[in-house]
>>> print(open('upload-v6.cif').read())   # mmCIF, C-alpha atoms
data_model
loop_
_atom_site.label_atom_id
_atom_site.label_comp_id
_atom_site.auth_asym_id
_atom_site.auth_seq_id
_atom_site.Cartn_x
_atom_site.Cartn_y
_atom_site.Cartn_z
CA MET A 1 159.93 14.08 15.01
CA PRO A 2 159.95 15.85 18.42
CA THR A 3 161.70 14.16 21.31
CA ILE A 4 160.36 13.14 24.71
CA THR A 5 162.23 12.47 27.96
CA ILE A 6 161.05 9.23 29.58
CA TYR A 7 161.74 8.11 33.12
CA ASP A 8 161.01 4.42 33.72
CA CYS A 9 160.00 4.08 37.38
CA ALA A 10 160.52 0.30 37.32
CA THR A 11 164.14 0.45 36.17
CA GLY A 12 165.17 3.94 37.22
CA GLU A 13 166.47 4.61 33.69
CA GLN A 14 165.95 7.89 31.91
CA THR A 15 166.02 8.10 28.12
CA VAL A 16 165.36 10.67 25.43
CA ARG A 17 163.73 9.33 22.28
CA GLU A 18 161.63 10.45 19.35
CA MET A 19 157.88 10.52 19.88
CA THR A 20 155.70 7.77 18.46
CA GLU A 21 153.19 8.63 15.74
CA GLU A 22 150.39 8.50 18.32
CA GLU A 23 152.20 10.76 20.78
CA ASN A 24 152.98 13.26 18.06
CA ALA A 25 149.36 13.23 16.85
CA VAL A 26 148.22 14.07 20.40
CA ARG A 27 150.82 16.86 20.56
CA ILE A 28 149.67 18.37 17.27
CA GLU A 29 146.02 18.22 18.36
CA ALA A 30 146.88 20.05 21.59
CA LEU A 31 148.74 22.76 19.68
CA HIS A 32 145.79 23.19 17.31
CA ASN A 33 143.37 23.45 20.23
CA ALA A 34 145.54 26.10 21.86
CA GLU A 35 145.61 28.22 18.71
CA GLU A 36 141.84 28.01 18.32
CA GLU A 37 141.31 28.88 21.97
CA MET A 38 143.51 31.98 21.68
CA LYS A 39 141.54 33.18 18.64
CA VAL A 40 138.28 32.84 20.56
CA ARG A 41 139.69 34.68 23.55
CA GLU A 42 140.99 37.56 21.42
CA GLN A 43 137.59 37.92 19.74
CA GLU A 44 135.90 37.99 23.17
CA ARG A 45 138.25 40.78 24.23
CA VAL A 46 137.53 42.80 21.07
CA ASP A 47 133.77 42.28 21.51
CA ALA A 48 133.95 43.44 25.12
CA GLN A 49 135.89 46.55 24.15
CA ASN A 50 133.46 47.38 21.34
CA GLY A 51 130.44 46.86 23.58
CA ARG A 52 131.94 49.07 26.26
CA GLN A 53 132.64 51.83 23.75
CA LYS A 54 129.03 51.72 22.53
CA LEU A 55 127.80 52.23 26.08
CA LEU A 56 130.18 55.18 26.50
CA ASP A 57 128.96 56.61 23.20
CA LEU A 58 125.41 56.54 24.59
CA GLY A 59 126.53 58.97 27.25
CA LEU A 60 127.17 56.71 30.25
CA SER A 61 130.15 57.55 32.44
CA GLU A 62 133.09 55.21 32.96
CA LYS A 63 131.86 54.40 36.45
CA GLU A 64 128.36 53.66 35.21
CA VAL A 65 129.65 51.35 32.48
CA THR A 66 131.90 49.57 34.95
CA ALA A 67 128.97 49.14 37.33
CA LEU A 68 126.96 47.59 34.50
CA VAL A 69 129.47 45.37 32.75
CA GLY A 70 132.55 45.30 34.99
CA PRO A 71 136.02 46.73 34.40
CA PRO A 72 137.45 47.11 30.90
CA PRO A 73 139.14 44.04 29.40
CA PRO A 74 142.93 43.85 29.64
CA GLU A 75 144.97 45.24 26.80
CA GLY A 76 146.29 42.92 24.12
CA ALA A 77 149.80 41.51 23.95
CA PRO A 78 152.44 43.97 25.20
CA ASP A 79 154.60 45.97 22.86
CA VAL A 80 157.77 43.89 22.60
CA GLU A 81 159.77 46.74 21.06
CA ALA A 82 158.90 49.23 23.81
CA PRO A 83 158.00 47.33 26.97
CA ASP A 84 156.73 49.01 30.08
CA PRO A 85 159.35 49.38 32.82
CA ALA A 86 158.96 47.14 35.86
CA MET B 1 162.24 7.14 60.99
CA THR B 2 159.65 4.41 60.79
CA ASN B 3 158.22 2.95 57.61
CA GLN B 4 156.01 5.32 55.62
CA ASN B 5 153.16 5.11 53.14
CA TYR B 6 154.45 7.58 50.51
CA ALA B 7 156.84 6.15 47.95
CA LEU B 8 158.88 8.40 45.69
CA ILE B 9 159.07 6.21 42.60
CA GLY B 10 160.31 8.63 39.96
CA HIS B 11 162.05 11.97 39.53
CA VAL B 12 162.93 13.75 36.30
CA HIS B 13 165.41 16.59 36.57
CA GLN B 14 164.93 18.21 33.18
CA ASN B 15 167.70 20.75 32.77
CA SER B 16 167.43 21.30 29.02
CA TRP B 17 164.50 22.69 27.05
CA THR B 18 161.87 20.19 26.03
CA SER B 19 158.14 20.06 25.40
CA SER B 20 157.47 16.52 26.66
CA VAL B 21 158.44 14.53 29.73
CA GLY B 22 156.99 11.18 30.75
CA LEU B 23 157.04 8.96 33.83
CA TYR B 24 156.32 5.34 32.94
CA ASN B 25 155.66 2.06 34.76
CA LEU B 26 153.97 3.78 37.70
CA SER B 27 152.30 0.56 38.86
CA ASN B 28 155.16 -1.82 38.37
CA THR B 29 157.80 -0.51 40.76
CA ASN B 30 159.06 -2.31 43.87
CA VAL B 31 159.48 -0.50 47.19
CA THR B 32 161.27 -1.91 50.23
CA ASP B 33 160.54 -1.43 53.92
CA ASP B 34 163.07 -1.35 56.76
CA ASP B 35 162.90 -5.13 57.16
CA GLY B 36 163.73 -5.72 53.52
CA ASN B 37 160.22 -6.75 52.48
CA GLN B 38 159.32 -5.73 48.93
CA THR B 39 155.90 -4.52 47.75
CA THR B 40 154.90 -3.65 44.18
CA THR B 41 153.17 -0.31 43.65
CA GLY B 42 149.97 -1.89 42.33
CA TYR B 43 146.44 -0.68 42.98
CA ASP B 44 145.54 -2.84 45.95
CA ALA B 45 148.49 -1.77 48.07
CA PHE B 46 148.98 1.69 46.55
CA PRO B 47 145.63 3.24 45.50
CA GLY B 48 146.92 6.81 45.36
CA PHE B 49 149.13 8.86 43.04
CA ARG B 50 150.73 12.24 43.52
CA PHE B 51 152.61 14.19 40.85
CA VAL B 52 154.52 17.27 41.96
CA GLY B 53 156.70 19.60 39.95
CA LYS B 54 158.00 23.01 39.08
CA LEU B 55 158.31 24.38 35.56
CA PHE B 56 160.16 27.24 33.87
CA PHE B 57 158.95 28.20 30.39
CA ASP B 58 161.06 29.45 27.50
CA THR B 59 158.73 31.78 25.67
CA THR B 60 158.02 35.45 25.17
CA THR B 61 154.26 34.94 25.08
CA SER B 62 152.48 36.99 27.72
CA ASN B 63 149.98 34.35 28.81
CA PHE B 64 148.99 30.73 28.22
CA SER B 65 145.71 29.32 27.05
CA MET B 66 144.30 26.32 28.89
CA SER B 67 145.33 23.83 26.22
CA ASP B 68 148.95 25.06 26.04
CA ILE B 69 149.85 22.79 28.98
CA ASN B 70 148.50 19.28 29.22
CA PHE B 71 148.85 16.21 31.37
CA TYR B 72 148.10 12.79 29.90
CA TYR B 73 147.41 9.65 31.92
CA TYR B 74 147.77 6.52 29.85
CA SER B 75 146.06 3.25 30.54
CA SER B 76 147.39 -0.12 29.52
CA GLY B 77 144.59 -2.15 31.10
CA ASN B 78 140.89 -2.48 30.45
CA TYR B 79 138.55 0.36 31.27
CA ASP B 80 135.00 1.34 30.46
CA GLY B 81 135.04 3.93 27.73
CA TYR B 82 132.85 6.20 29.76
CA GLY B 83 134.39 9.64 29.97
CA THR B 84 133.71 12.54 32.25
CA TYR B 85 134.30 15.80 30.43
CA SER B 86 134.99 19.03 32.20
CA SER B 87 135.23 22.56 30.84
CA PRO B 88 138.11 24.71 32.05
CA SER B 89 137.19 26.23 35.37
CA PHE B 90 138.76 27.90 38.36
CA ALA B 91 136.04 26.59 40.62
CA ILE B 92 136.15 23.39 42.60
CA PRO B 93 134.36 21.38 41.41
CA SER B 94 134.10 22.48 37.83
CA SER B 95 130.69 23.93 37.06
CA ASN B 96 130.32 22.03 33.85
CA MET B 97 130.63 18.27 34.03
CA LEU B 98 129.26 15.96 31.39
CA GLN B 99 129.36 12.22 31.25
CA SER B 100 129.20 10.55 27.89
CA GLY B 101 130.54 7.49 26.20
CA SER B 102 129.86 3.81 26.17
CA TYR B 103 130.70 0.74 28.15
CA SER B 104 133.48 -0.59 26.01
CA GLY B 105 136.79 -1.92 27.13
CA GLY B 106 140.09 -0.85 25.73
CA ASN B 107 143.13 1.27 26.24
CA GLY B 108 143.18 5.03 26.26
CA TYR B 109 144.16 8.11 28.12
CA SER B 110 142.70 10.75 30.35
CA TYR B 111 143.94 14.29 30.08
CA MET B 112 143.94 17.61 31.87
CA GLN B 113 144.37 21.04 30.32
CA TRP B 114 145.62 23.61 32.80
CA GLY B 115 147.58 26.30 30.93
CA GLU B 116 145.74 29.15 32.62
CA GLY B 117 147.09 27.95 35.93
CA ALA B 118 150.66 28.67 34.83
CA TYR B 119 152.68 31.77 34.04
CA PRO B 120 155.27 32.32 31.33
CA SER B 121 158.58 32.85 33.09
CA ARG B 122 159.55 36.18 31.49
CA TYR B 123 158.18 39.50 32.60
CA ASN B 124 155.45 40.81 30.34
CA GLY B 125 156.45 38.49 27.57
CA ASN B 126 159.25 40.85 26.50
CA GLY B 127 162.25 38.64 27.13
CA GLN B 128 163.22 40.14 30.47
CA TYR B 129 162.63 38.88 33.98
CA ASN B 130 162.66 42.07 36.05
CA TRP B 131 161.99 41.01 39.59
CA GLY B 132 162.71 44.25 41.37
CA SER B 133 166.31 45.47 41.68
CA ASP B 134 169.66 43.63 41.82
CA VAL B 135 170.15 41.36 44.83
CA THR B 136 173.00 39.32 46.30
CA ASP B 137 172.50 35.58 46.62
CA VAL B 138 173.66 33.42 49.52
CA ASP B 139 176.99 32.79 47.79
CA GLY B 140 177.69 36.50 47.44
CA ASN B 141 176.96 36.69 43.72
CA THR B 142 175.03 39.62 42.28
CA VAL B 143 171.81 38.53 40.60
CA THR B 144 170.61 41.24 38.28
CA ALA B 145 166.96 42.09 37.84
CA SER B 146 167.14 40.76 34.28
CA SER B 147 168.76 37.45 35.23
CA PRO B 148 166.85 34.29 34.29
CA ARG B 149 167.21 33.39 37.97
CA ARG B 150 164.55 36.04 38.59
CA GLY B 151 162.08 34.34 36.29
CA VAL B 152 158.75 32.91 37.34
CA TRP B 153 158.37 29.26 38.24
CA THR B 154 155.01 27.52 38.11
CA GLN B 155 154.45 24.81 40.67
CA PHE B 156 151.81 22.13 40.52
CA VAL B 157 150.47 19.10 42.30
CA VAL B 158 148.11 16.48 40.92
CA ASP B 159 146.44 13.93 43.15
CA CYS B 160 144.71 10.86 41.83
CA HIS B 161 143.01 8.28 43.96
CA TYR B 162 141.22 5.00 43.25
CA GLN B 163 138.33 5.67 45.51
CA ASN B 164 136.65 2.29 45.86
CA THR B 165 136.91 -1.34 44.93
CA ASN B 166 135.78 -0.58 41.39
CA LYS B 167 138.93 1.44 41.01
CA MET B 168 137.34 4.56 39.60
CA PRO B 169 140.02 7.27 39.55
CA ALA B 170 139.42 10.81 40.75
CA PHE B 171 141.82 13.59 39.81
CA LYS B 172 142.56 16.92 41.42
CA ILE B 173 145.03 19.54 40.23
CA LYS B 174 146.29 22.70 41.83
CA SER B 175 148.96 25.04 40.50
CA ALA B 176 150.41 28.39 41.48
CA ALA B 177 152.85 30.98 40.20
CA ALA B 178 153.76 34.48 41.31
CA THR B 179 155.62 37.42 39.82
CA ASN B 180 156.07 41.05 40.71
CA GLY B 181 154.01 42.24 37.85
CA PHE B 182 152.86 41.35 34.38
CA ASN B 183 151.17 44.70 34.43
CA ALA B 184 153.44 47.57 35.43
CA ASN B 185 153.96 48.06 39.15
CA THR B 186 151.54 45.42 40.28
CA THR B 187 151.96 42.14 42.03
CA ASP B 188 150.24 39.35 40.18
CA SER B 189 149.77 35.74 41.02
CA SER B 190 148.01 32.90 39.33
CA GLU B 191 146.36 29.96 40.95
CA THR B 192 143.95 27.44 39.62
CA GLY B 193 142.25 24.57 41.29
CA TYR B 194 141.11 22.87 38.15
CA GLY B 195 141.63 22.60 34.46
CA GLY B 196 139.41 21.05 31.86
CA GLY B 197 139.77 17.52 30.74
CA ARG B 198 138.44 14.08 30.07
CA TYR B 199 138.69 11.41 32.71
CA TYR B 200 138.05 7.80 31.92
CA ASN B 201 136.38 5.72 34.57
CA GLY B 202 136.19 2.05 35.31
CA GLY B 203 133.54 0.12 37.15
CA GLY B 204 130.41 1.21 35.32
CA GLY B 205 130.28 -1.68 32.91
CA SER B 206 131.94 -5.01 32.37
CA ASN B 207 135.43 -3.72 33.06
CA ASN B 208 136.19 -2.72 36.61
CA TYR B 209 139.82 -2.04 36.05
CA TYR B 210 141.54 1.11 34.93
CA SER B 211 145.28 0.84 34.87
CA LEU B 212 147.01 4.20 35.09
CA ASP B 213 150.53 3.24 34.17
CA ASN B 214 152.10 6.19 32.38
CA PHE B 215 151.95 9.91 32.95
CA TYR B 216 153.37 12.67 30.84
CA LEU B 217 153.47 16.41 30.47
CA GLN B 218 153.05 17.99 27.03
CA THR B 219 153.34 21.72 26.41
CA SER B 220 153.10 24.09 23.47
CA TYR B 221 156.22 25.92 24.66
CA ASN B 222 159.54 24.50 25.80
CA PHE B 223 160.16 24.14 29.51
CA ARG B 224 162.68 22.84 32.00
CA GLY B 225 162.20 21.86 35.63
CA ASP B 226 161.54 18.93 37.93
CA LEU B 227 158.78 16.33 38.11
CA PHE B 228 158.26 13.86 40.93
CA ALA B 229 155.94 10.84 41.00
CA TYR B 230 154.71 9.30 44.26
CA ARG B 231 152.50 6.34 45.03
CA ILE B 232 150.47 6.39 48.22
CA GLY B 233 150.07 3.13 50.10
CA ARG B 234 147.31 1.80 52.36
CA GLY B 235 150.02 0.62 54.74
CA ASN B 236 153.56 1.60 55.63
CA TYR B 237 155.43 -0.36 52.97
CA VAL B 238 158.21 2.16 52.43
CA GLY B 239 161.44 2.13 54.38
CA GLY B 240 162.09 5.38 56.17
CA SER B 241 165.60 4.97 57.53
#
>>> encode(input="upload-v6.cif", output="structure tokens")
Amino acid sequence: MPTITIYDCATGEQTVREMTEEENAVRIEALHNAEEEMKVREQERVDAQNGRQKLLDLGLSEKEVTALVGPPPPEGAPDVEAPDPA
Amino acid sequence: MTNQNYALIGHVHQNSWTSSVGLYNLSNTNVTDDDGNQTTTGYDAFPGFRFVGKLFFDTTTSNFSMSDINFYYYSSGNYDGYGTYSSPSFAIPSSNMLQSGSYSGGNGYSYMQWGEGAYPSRYNGNGQYNWGSDVTDVDGNTVTASSPRRGVWTQFVVDCHYQNTNKMPAFKIKSAAATNGFNANTTDSSETGYGGGRYYNGGGGSNNYYSLDNFYLQTSYNFRGDLFAYRIGRGNYVGGS
């Protein structure tokens, strides 16, 4: 079971203990929600890139596409093996 | 210094990695003024809360989703199970508020999701920190660009106030972080005024009491840092000398 640091304001005591079943259930739900949210966001990024490419394929210029739908979406996760220099 | 109305009732200095920190018994702490008089941090005398902190995250992910970082506010008293739901938003107020629920008493918790208001502490998610070039600190030590001391801290403040005699709580969150570039050669910062969440209210039905007694931070990634809890009094109950 994961641990949690608790500070009791009434006593001034700080303890580290294992989570209760309820606390751990809330933690797992939050983790699940985060994973689902990231999947949705990645799909939105792919859709935006695909839509932009279709407009370019129709013959619009980069500036025209940006004027219509805004700037291109950010790239995906960086390449951990070959990161960009600062 | 004369007596004040802000009481620092709790501080967690979390210097090892964890994913959960809690501050409990927020409404059951005694404060003392300069004359030795004691006042309990209950709702009548102390209707306000403030949570302040700074966080450093141990992850190589390049960004957080909103639900990666959560605050929970636990009730141990009666409340009306009438929740206000808010979608994640950077606007104040959130553009999407929905009230639903029923007038039923019980115990529960409100929560905030605010991951998009925070930054992972490592540059570009690649395990480095990379804040410019090497520098010398005030003690004369060289701090390299890749030192963890150059990592990004996220700071936050949450205010909560019981705004009338029905003790309906209102929450506000603001966070900020800055780095010299998650994209090459740019200066990026992140700031959010609001996350999404569910906020339980009291006062709409038979229960006019909502007891916010425990607060804790729960994250998907390990962190270290500091959290402070304050109660804000109607009068100057807190010794200042």
>>> resolve_selection(input="upload-v6.cif", expression="the PyMOL selection byres ((chain A) within 6 of (chain B))", output="list in words")
Ile4, Thr5, Ile6, Tyr7, Asp8, Cys9, Ala10, Leu31, Ala34, Val80 and Ala86 of chain A
>>> atom_distance(input="upload-v6.cif", atom1="atom CA of Ile232 of chain B", atom2="atom CA of Gln14 of chain A")
22.5 Å
>>> residues_near_point(input="upload-v6.cif", point="(153.0, 28.9, 35.0)", cutoff="10 Å", atoms="all atoms listed in the file", output="ChimeraX atom specification")
/B:54-57,63-64,69,114-121,152-156,175-178,189-191
>>> write_last_selection(input="upload-v6.cif", atoms="C-alpha atoms", output="PDB file, keeping the file's coordinate frame")
ATOM      1  CA  LYS B  54     158.000  23.010  39.080  1.00  0.00           C
ATOM      2  CA  LEU B  55     158.310  24.380  35.560  1.00  0.00           C
ATOM      3  CA  PHE B  56     160.160  27.240  33.870  1.00  0.00           C
ATOM      4  CA  PHE B  57     158.950  28.200  30.390  1.00  0.00           C
ATOM      5  CA  ASN B  63     149.980  34.350  28.810  1.00  0.00           C
ATOM      6  CA  PHE B  64     148.990  30.730  28.220  1.00  0.00           C
ATOM      7  CA  ILE B  69     149.850  22.790  28.980  1.00  0.00           C
ATOM      8  CA  TRP B 114     145.620  23.610  32.800  1.00  0.00           C
ATOM      9  CA  GLY B 115     147.580  26.300  30.930  1.00  0.00           C
ATOM     10  CA  GLU B 116     145.740  29.150  32.620  1.00  0.00           C
ATOM     11  CA  GLY B 117     147.090  27.950  35.930  1.00  0.00           C
ATOM     12  CA  ALA B 118     150.660  28.670  34.830  1.00  0.00           C
ATOM     13  CA  TYR B 119     152.680  31.770  34.040  1.00  0.00           C
ATOM     14  CA  PRO B 120     155.270  32.320  31.330  1.00  0.00           C
ATOM     15  CA  SER B 121     158.580  32.850  33.090  1.00  0.00           C
ATOM     16  CA  VAL B 152     158.750  32.910  37.340  1.00  0.00           C
ATOM     17  CA  TRP B 153     158.370  29.260  38.240  1.00  0.00           C
ATOM     18  CA  THR B 154     155.010  27.520  38.110  1.00  0.00           C
ATOM     19  CA  GLN B 155     154.450  24.810  40.670  1.00  0.00           C
ATOM     20  CA  PHE B 156     151.810  22.130  40.520  1.00  0.00           C
ATOM     21  CA  SER B 175     148.960  25.040  40.500  1.00  0.00           C
ATOM     22  CA  ALA B 176     150.410  28.390  41.480  1.00  0.00           C
ATOM     23  CA  ALA B 177     152.850  30.980  40.200  1.00  0.00           C
ATOM     24  CA  ALA B 178     153.760  34.480  41.310  1.00  0.00           C
ATOM     25  CA  SER B 189     149.770  35.740  41.020  1.00  0.00           C
ATOM     26  CA  SER B 190     148.010  32.900  39.330  1.00  0.00           C
ATOM     27  CA  GLU B 191     146.360  29.960  40.950  1.00  0.00           C
TER      28      GLU B 191
END
>>> atom_distance(input="upload-v6.cif", atom1="atom CA of Val158 of chain B", atom2="atom CA of Thr3 of chain A")
24.0 Å
>>> axis_aligned_box(input="upload-v6.cif", around="segment 8-19 of chain A", padding_each_side="4 Å", output="lines of an AutoDock Vina configuration file")
center_x = 162.2
center_y = 5.5
center_z = 28.4
size_x = 16.6
size_y = 18.4
size_z = 26.0
>>> atom_distance(input="upload-v6.cif", atom1="atom CA of Ala45 of chain B", atom2="atom CA of Cys160 of chain B")
14.6 Å
>>> decode(input="upload-v6.cif", residues="segment 7-79 of chain A", atoms="C-alpha atoms", output="PDB file, in the first residue's frame")
ATOM      1  CA  TYR A   7       0.705  16.538   9.642  1.00  0.00           C
ATOM      2  CA  ASP A   8      -1.768  16.869  12.514  1.00  0.00           C
ATOM      3  CA  CYS A   9      -2.334  20.602  13.052  1.00  0.00           C
ATOM      4  CA  ALA A  10      -3.881  20.022  16.483  1.00  0.00           C
ATOM      5  CA  THR A  11      -0.898  18.141  17.914  1.00  0.00           C
ATOM      6  CA  GLY A  12       1.934  19.319  15.689  1.00  0.00           C
ATOM      7  CA  GLU A  13       2.929  15.693  15.051  1.00  0.00           C
ATOM      8  CA  GLN A  14       3.986  14.429  11.656  1.00  0.00           C
ATOM      9  CA  THR A  15       3.667  10.760  10.738  1.00  0.00           C
ATOM     10  CA  VAL A  16       4.113   8.573   7.695  1.00  0.00           C
ATOM     11  CA  ARG A  17       1.638   5.721   7.371  1.00  0.00           C
ATOM     12  CA  GLU A  18       0.091   3.448   4.791  1.00  0.00           C
ATOM     13  CA  MET A  19      -2.972   4.773   2.981  1.00  0.00           C
ATOM     14  CA  THR A  20      -6.425   3.565   3.939  1.00  0.00           C
ATOM     15  CA  GLU A  21      -8.431   1.562   1.417  1.00  0.00           C
ATOM     16  CA  GLU A  22     -10.533   4.652   0.673  1.00  0.00           C
ATOM     17  CA  GLU A  23      -7.512   6.899   0.155  1.00  0.00           C
ATOM     18  CA  ASN A  24      -5.892   4.359  -2.129  1.00  0.00           C
ATOM     19  CA  ALA A  25      -9.106   3.961  -4.133  1.00  0.00           C
ATOM     20  CA  VAL A  26      -9.172   7.740  -4.688  1.00  0.00           C
ATOM     21  CA  ARG A  27      -5.502   7.647  -5.727  1.00  0.00           C
ATOM     22  CA  ILE A  28      -6.096   4.861  -8.245  1.00  0.00           C
ATOM     23  CA  GLU A  29      -9.109   6.688  -9.696  1.00  0.00           C
ATOM     24  CA  ALA A  30      -7.020   9.842 -10.161  1.00  0.00           C
ATOM     25  CA  LEU A  31      -4.270   7.879 -11.917  1.00  0.00           C
ATOM     26  CA  HIS A  32      -6.833   6.260 -14.222  1.00  0.00           C
ATOM     27  CA  ASN A  33      -8.365   9.637 -15.043  1.00  0.00           C
ATOM     28  CA  ALA A  34      -4.944  11.050 -15.871  1.00  0.00           C
ATOM     29  CA  GLU A  35      -4.174   8.201 -18.273  1.00  0.00           C
ATOM     30  CA  GLU A  36      -7.509   8.611 -20.046  1.00  0.00           C
ATOM     31  CA  GLU A  37      -7.029  12.363 -20.296  1.00  0.00           C
ATOM     32  CA  MET A  38      -3.591  11.952 -21.880  1.00  0.00           C
ATOM     33  CA  LYS A  39      -5.010   9.551 -24.491  1.00  0.00           C
ATOM     34  CA  VAL A  40      -7.691  12.076 -25.427  1.00  0.00           C
ATOM     35  CA  ARG A  41      -5.161  14.883 -25.673  1.00  0.00           C
ATOM     36  CA  GLU A  42      -2.826  12.851 -27.895  1.00  0.00           C
ATOM     37  CA  GLN A  43      -5.708  11.987 -30.225  1.00  0.00           C
ATOM     38  CA  GLU A  44      -6.665  15.683 -30.416  1.00  0.00           C
ATOM     39  CA  ARG A  45      -3.084  16.515 -31.396  1.00  0.00           C
ATOM     40  CA  VAL A  46      -3.039  13.820 -34.110  1.00  0.00           C
ATOM     41  CA  ASP A  47      -6.418  14.995 -35.441  1.00  0.00           C
ATOM     42  CA  ALA A  48      -5.202  18.587 -35.591  1.00  0.00           C
ATOM     43  CA  GLN A  49      -2.058  17.576 -37.455  1.00  0.00           C
ATOM     44  CA  ASN A  50      -4.037  15.454 -39.931  1.00  0.00           C
ATOM     45  CA  GLY A  51      -6.556  18.226 -40.528  1.00  0.00           C
ATOM     46  CA  ARG A  52      -3.797  20.741 -41.102  1.00  0.00           C
ATOM     47  CA  GLN A  53      -2.082  18.460 -43.607  1.00  0.00           C
ATOM     48  CA  LYS A  54      -5.332  18.035 -45.543  1.00  0.00           C
ATOM     49  CA  LEU A  55      -5.650  21.807 -45.863  1.00  0.00           C
ATOM     50  CA  LEU A  56      -2.043  22.016 -47.090  1.00  0.00           C
ATOM     51  CA  ASP A  57      -2.742  19.237 -49.576  1.00  0.00           C
ATOM     52  CA  LEU A  58      -5.598  21.335 -50.984  1.00  0.00           C
ATOM     53  CA  GLY A  59      -3.036  23.951 -51.943  1.00  0.00           C
ATOM     54  CA  LEU A  60      -3.304  26.473 -49.107  1.00  0.00           C
ATOM     55  CA  SER A  61      -0.075  28.055 -47.897  1.00  0.00           C
ATOM     56  CA  GLU A  62       1.244  27.664 -44.353  1.00  0.00           C
ATOM     57  CA  LYS A  63       0.227  31.236 -43.566  1.00  0.00           C
ATOM     58  CA  GLU A  64      -3.267  30.700 -44.923  1.00  0.00           C
ATOM     59  CA  VAL A  65      -3.734  27.523 -42.894  1.00  0.00           C
ATOM     60  CA  THR A  66      -2.462  29.242 -39.766  1.00  0.00           C
ATOM     61  CA  ALA A  67      -4.851  32.132 -40.370  1.00  0.00           C
ATOM     62  CA  LEU A  68      -7.715  29.648 -40.639  1.00  0.00           C
ATOM     63  CA  VAL A  69      -6.990  27.169 -37.870  1.00  0.00           C
ATOM     64  CA  GLY A  70      -4.151  28.674 -35.839  1.00  0.00           C
ATOM     65  CA  PRO A  71      -0.550  27.512 -35.447  1.00  0.00           C
ATOM     66  CA  PRO A  72       0.406  23.848 -35.776  1.00  0.00           C
ATOM     67  CA  PRO A  73       0.029  21.696 -32.652  1.00  0.00           C
ATOM     68  CA  PRO A  74       3.157  21.098 -30.569  1.00  0.00           C
ATOM     69  CA  GLU A  75       5.239  18.047 -31.312  1.00  0.00           C
ATOM     70  CA  GLY A  76       4.790  14.919 -29.246  1.00  0.00           C
ATOM     71  CA  ALA A  77       6.986  13.840 -26.360  1.00  0.00           C
ATOM     72  CA  PRO A  78      10.655  14.760 -26.874  1.00  0.00           C
ATOM     73  CA  ASP A  79      13.228  12.236 -27.972  1.00  0.00           C
TER      74      ASP A  79
END
